[in-house]
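Student: Once you've had a glance at the structure underneath, I'll fire off some questions.
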Amino acid sequence: MKKTLLVLASAAVLAACSGKPAAQAPVQAKAQPAPPQVSASSNLVTGRVAETMNAAGYTYVRVATESGDRWAAVQQTPVKVGDNVTIVAQMVVPNFESQTLKRKFDNIIFGTVRNGAPASAGMTRPAEAGVPNVRVEKAEGGKTIAEVWAGKNALKDKPVVIRGTVVKFLPDIMGKNWMHLRDGSGTRAKGDDDITVTTSGSAKVGDVVIVTGTLRVDQDFGSGYEYGALIEDAKIKQ
């Protein structure tokens, strides 16, 4: 856990859950000042594609913005030089090394790409990816997402079981897959309707899965990426 936090503390998130390509292990480098990062309250980067390449299920794009060039990695997407794009940032990773490309990036955004101008500013929610009206039954012997949030202090560092619908899946970030689950419990106003999960397993948006993992509480990875509840190293059953 300590090793994981040391690596993740250098990154800005699953999500959840927001928040799957071959693994690309980041290399921790000597601390050095990083360029301005995307904040959690304004996580859209818009500009023109100046360079792009595909590798290991990702599309890497160098986006020319008014404040300078930014590199981003998104799930493989058809884009070409000259396209106007908006990157919805979900995590910002300094000193990231792609083993597939054999290339190191001083600072790279992981997220999703949206062609054209942004519809609105601010943090996008994972469920808008296309899984409306999520509602699934609680797993036998498990808890709802709202119940986990309500009892998180008592459940801290203990195993939990949740059945939910995958509303976001981000593969191979910091050596793990990140996803967000919803089950229809909780409310957006309270923020207890969504939970972030890290796993070595795989799923896709829309899948109904049962996850079993350890609940971590109040995880702060810096740059505004904080998780009040995070299920770590989960096993997935579909």
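Following the order of the structure tokens, first chain is A, next is B, and so on, with residues numbered from 1 inside each chain and ligands from 1 in the order they appear.
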Name the residues of range 64-163 of chain A that come out as strand (DSSP E) in a backbone DSSP run; write them as a ChimeraX atom specification.
Tutor: /A:64-65,68-75,84-98,103-115,159-163
Student: Could you make a table, as a Markdown table, of the residues of range 175-237 of chain A that have an atom within 8 Å of an atom of range 142-154 of chain A, each with its nearest atom pair and distance in Å to one decimal, counting only C-alpha atoms, in chain and number order?
Tutor:
| residue | atom | partner | partner_atom | distance |
| --- | --- | --- | --- | --- |
| A:Arg182 | CA | A:Ile145 | CA | 7.0 |
| A:Asp183 | CA | A:Ile145 | CA | 6.7 |
| A:Ser185 | CA | A:Ala146 | CA | 5.5 |
| A:Gly186 | CA | A:Ala146 | CA | 4.8 |
| A:Asp192 | CA | A:Ala146 | CA | 5.2 |
| A:Asp193 | CA | A:Ala146 | CA | 6.0 |
| A:Asp194 | CA | A:Ile145 | CA | 6.7 |
| A:Ile195 | CA | A:Ile145 | CA | 6.7 |
| A:Leu215 | CA | A:Lys152 | CA | 7.7 |
| A:Val217 | CA | A:Lys152 | CA | 6.9 |
| A:Ala229 | CA | A:Trp149 | CA | 6.8 |
Student: Need the shell around range 48-63 of chain A: protein/DNA/RNA residues with any atom at most 8 Å away, counting only C-alpha atoms. Skip same-chain ones fewer than 6 positions apart. Format as a PyMOL selection string?
Tutor: chain A and resi 21-23+69-77+79-85+100-101
Student: Identify, on the basis of only C-alpha atoms, every residue whose closest approach to Ala234 in chain A does not exceed 6 Å; exclude the query and any residue fewer than 5 positions from it along the same chain; express the result as a CSV table (one decimal) with C-alpha atoms, in the first residue's frame.
Tutor:
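Written out: selection.csv:
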chain,number,residue,atom,x,y,z
A,199,THR,CA,-8.4,-3.5,-10.2
A,211,VAL,CA,-16.4,-6.4,-7.0
A,212,THR,CA,-14.6,-7.5,-3.9
A,213,GLY,CA,-11.8,-5.4,-2.5
Student: Using only C-alpha atoms, can you tell me which of A:Val161, A:Val134, A:Val166, A:Ile87 comes closest to Thr187 in chain A?
Tutor: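 Among the listed residues, A:Val134 lies closest to Thr187 in chain A.
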Student: When you draw a straight line from CA of Ala203 in chain A to CA of Arg163 in chain A, how long is it in Å?
Tutor: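 So the answer is 13.2 Å.
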Student: If you measure from CA of Ser67 in chain A to CA of Asp106 in chain A, what distance in Å do you get, rounded to one decimal?
Tutor: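 Going from CA of Ser67 in chain A over to CA of Asp106 in chain A covers 16.4 Å.
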Student: Of the candidates A:Thr112, A:Gln219, A:Asn95, A:Thr196, which shows the shortest atom-to-atom distance to Asp157 in chain A, using only C-alpha atoms?
Tutor: A:Gln219
